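Presented below is the structure to which this report refers.
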Amino acid sequence: MFSLPTRFAGLGINNPTETASSSYHTSTQGTKVVVEAIKGCGEFSSACHLDAISKARHESQKALDEIAKQKLDAILATLSPGRQPLAPVQFRDGLALRYLRHPSNLPAKCDGCGANFTLQHALDCKKGRLVILRHNEIHDCIGNLASQVWPPVIKEPIVNEATATSSDPGLRLDLGIRGVWQPQVEALFDVRVIDTDAPSHCHRAPNAILESSSQEKKRMYKKAVEDRRGTFTPFLLSVDGLLHKEASHFIKHMATALSSKWDKAYSIISSYVRSWLAFAGVRAVSLCLRESRTKWRSGLGFDDGAPLASFME
């Protein structure tokens with residue numbers, strides 16, 4: 001099971017049955033000095049034996065590195081050089097949740113509201129704005145990927161301005177990307193990350209939850225966007241990484257555009273895009289598990305630069 005790719009709930013670990021031949025060759029090369037001594041074909045030398053082991057290991061590792069390079073070269077060439085996909089604790093959290101294990105070293109109580117800190121509470125508690133930061137992690141990932149093929153990407157485009165004479169707060173979406181569905185037409189997206197295992201959703205299928213949320217967003221935004229000659233697409237996914245059908249269609253469309261621009265196979269780019277979205281999902285969930293829900297306050301007693309003049313006198 002662990003040898004399956006991540007899209008099939010595996011880990012992508014090499015299957016030992018597929019590496020048995022090369023492992024056997026490495027073993028025979030590393031033990032040939034001992035074997036020849038046992039057969040009486042030569043004298044045993046510990047120095048020669050250690051040298052044979054070292055040489056066999058080096059050749060084996062070199063061969064494995066070359067295979068890995070051939071498989072991942074196209075993807076690694078396009079990764080952002082300044083950012084690691086996952087921190088160690090984020091990887092461990094994602095692995096635990098994938099295989100229905102409880103993440104380690106979680107606090108007993110929520111530092112925001114004092115409730116018992118269960119996994120469900122961590123994903124749903126709105127104290128500390130971590131739910132918003134979880135949303136922003138996915139929002140930024142999509143925007144950064146889309147900017148590679150449809151620049152520039154507008155973050156938080158305003159559809160309707162807020163008015164001072166009424167209580168209307170206006171209408172604002174998450175992303176505006178020109179030319180996605182039609183040339184020179186603004187495509188607006190609104191992102192939502194949904195905990196499909198929340199108590200309020202316990203009697204509904206995950207796909208049904210995503211679909212109802214999609215219809216809700218369309219009722220809120222679609223007419224206003226189309227009145228301004230744009231298109232509206234809800235981008236919905238669960239905290240487990242399940243994409244709504246419209247989000248999945250957009251990911252495929254973006255992968256096709258990136259494949260054409262970078263002149264690489266669609267399968268490689270699709271894997272790249274989905275991998276980075278999966279990384280963002282793991283970071284977003286780990287954020288709710290690990291970050292503090294209390295505000296860090298300056299010990300100087302002020303939060304802006306207003307009192308600095310008194311120190312300059």
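Labels for the structure tokens follow display order: chains A, B, ..., residues from 1 in each chain, ligands from 1.
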Just want the 7 Å neighbourhood of Leu277 of chain A, counted on only C-alpha atoms, with same-chain residues fewer than 4 positions away dropped. Output as a count of residues only. 3
Which of segment 95-219 of chain A counts as strand (DSSP E) under DSSP, as a compact mmCIF listing (two decimals) with N, CA, C and O atoms, in the first residue's frame please?
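For reference, part-v1.txt as written:
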# COMPACT_ATOMS: atom_id res chain seq x y z
N VAL A 153 -2.39 38.36 -11.35
CA VAL A 153 -3.54 37.87 -10.58
C VAL A 153 -3.91 38.92 -9.54
O VAL A 153 -3.06 39.40 -8.80
N ILE A 154 -5.18 39.31 -9.52
CA ILE A 154 -5.66 40.30 -8.56
C ILE A 154 -6.16 39.58 -7.32
O ILE A 154 -7.02 38.70 -7.42
N LYS A 155 -5.64 39.95 -6.17
CA LYS A 155 -6.09 39.36 -4.92
C LYS A 155 -7.16 40.25 -4.29
O LYS A 155 -7.01 41.46 -4.23
N ILE A 158 -12.65 43.74 -5.76
CA ILE A 158 -13.91 44.29 -5.28
C ILE A 158 -14.93 44.27 -6.41
O ILE A 158 -14.70 44.88 -7.46
N VAL A 159 -16.05 43.59 -6.19
CA VAL A 159 -17.11 43.55 -7.19
C VAL A 159 -18.04 44.74 -7.00
O VAL A 159 -18.35 45.47 -7.95
N ASN A 160 -18.49 44.95 -5.79
CA ASN A 160 -19.34 46.10 -5.45
C ASN A 160 -18.69 46.85 -4.29
O ASN A 160 -18.33 46.24 -3.28
N LEU A 171 -19.03 43.88 -1.88
CA LEU A 171 -18.84 42.49 -2.30
C LEU A 171 -17.41 42.31 -2.76
O LEU A 171 -16.94 43.01 -3.67
N ARG A 172 -16.71 41.40 -2.12
CA ARG A 172 -15.30 41.16 -2.42
C ARG A 172 -15.06 39.67 -2.54
O ARG A 172 -15.54 38.87 -1.73
N LEU A 175 -9.95 35.96 -5.73
CA LEU A 175 -8.98 36.06 -6.82
C LEU A 175 -9.66 36.54 -8.09
O LEU A 175 -10.79 36.13 -8.38
N GLY A 176 -8.97 37.40 -8.83
CA GLY A 176 -9.41 37.80 -10.16
C GLY A 176 -8.32 37.45 -11.15
O GLY A 176 -7.18 37.92 -11.03
N ILE A 177 -8.64 36.62 -12.14
CA ILE A 177 -7.64 36.13 -13.10
C ILE A 177 -8.19 36.36 -14.51
O ILE A 177 -9.19 35.76 -14.90
N ARG A 178 -7.53 37.19 -15.29
CA ARG A 178 -8.02 37.52 -16.62
C ARG A 178 -7.60 36.46 -17.64
O ARG A 178 -6.44 36.07 -17.71
N GLU A 186 -12.46 38.75 -17.27
CA GLU A 186 -12.01 38.53 -15.89
C GLU A 186 -12.76 37.33 -15.29
O GLU A 186 -14.00 37.29 -15.31
N ALA A 187 -12.02 36.38 -14.79
CA ALA A 187 -12.60 35.23 -14.09
C ALA A 187 -12.36 35.42 -12.60
O ALA A 187 -11.22 35.56 -12.16
N LEU A 188 -13.44 35.44 -11.83
CA LEU A 188 -13.33 35.65 -10.39
C LEU A 188 -13.59 34.35 -9.65
O LEU A 188 -14.49 33.58 -10.02
N PHE A 189 -12.80 34.13 -8.61
CA PHE A 189 -12.84 32.90 -7.83
C PHE A 189 -13.03 33.23 -6.36
O PHE A 189 -12.49 34.23 -5.86
N ASP A 190 -13.79 32.40 -5.68
CA ASP A 190 -13.91 32.51 -4.23
C ASP A 190 -13.59 31.15 -3.62
O ASP A 190 -14.15 30.12 -4.03
N VAL A 191 -12.67 31.14 -2.67
CA VAL A 191 -12.14 29.91 -2.10
C VAL A 191 -12.83 29.62 -0.77
O VAL A 191 -13.08 30.54 0.02
N ARG A 192 -13.13 28.37 -0.55
CA ARG A 192 -13.64 27.95 0.75
C ARG A 192 -13.07 26.58 1.10
O ARG A 192 -13.10 25.67 0.26
N VAL A 193 -12.53 26.45 2.31
CA VAL A 193 -12.02 25.18 2.81
C VAL A 193 -13.03 24.68 3.84
O VAL A 193 -13.30 25.35 4.83
N ILE A 194 -13.57 23.49 3.62
CA ILE A 194 -14.69 22.99 4.41
C ILE A 194 -14.27 21.75 5.20
O ILE A 194 -13.65 20.84 4.64
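Minimum atom-to-atom distances from A:Leu119, A:Ala20, A:Ala247, A:Cys113 to Arg290 of chain A were compared using only C-alpha atoms, and the lowest value belongs to A:Leu119.
For the pair atom CA of Pro157 of chain A and atom CA of Ile142 of chain A, the interatomic distance is 14.9 Å.
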What separation in Å, quoted to one decimal, exists between atom CA of Val239 of chain A and atom CA of Leu123 of chain A?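 Going from atom CA of Val239 of chain A over to atom CA of Leu123 of chain A covers 8.3 Å.
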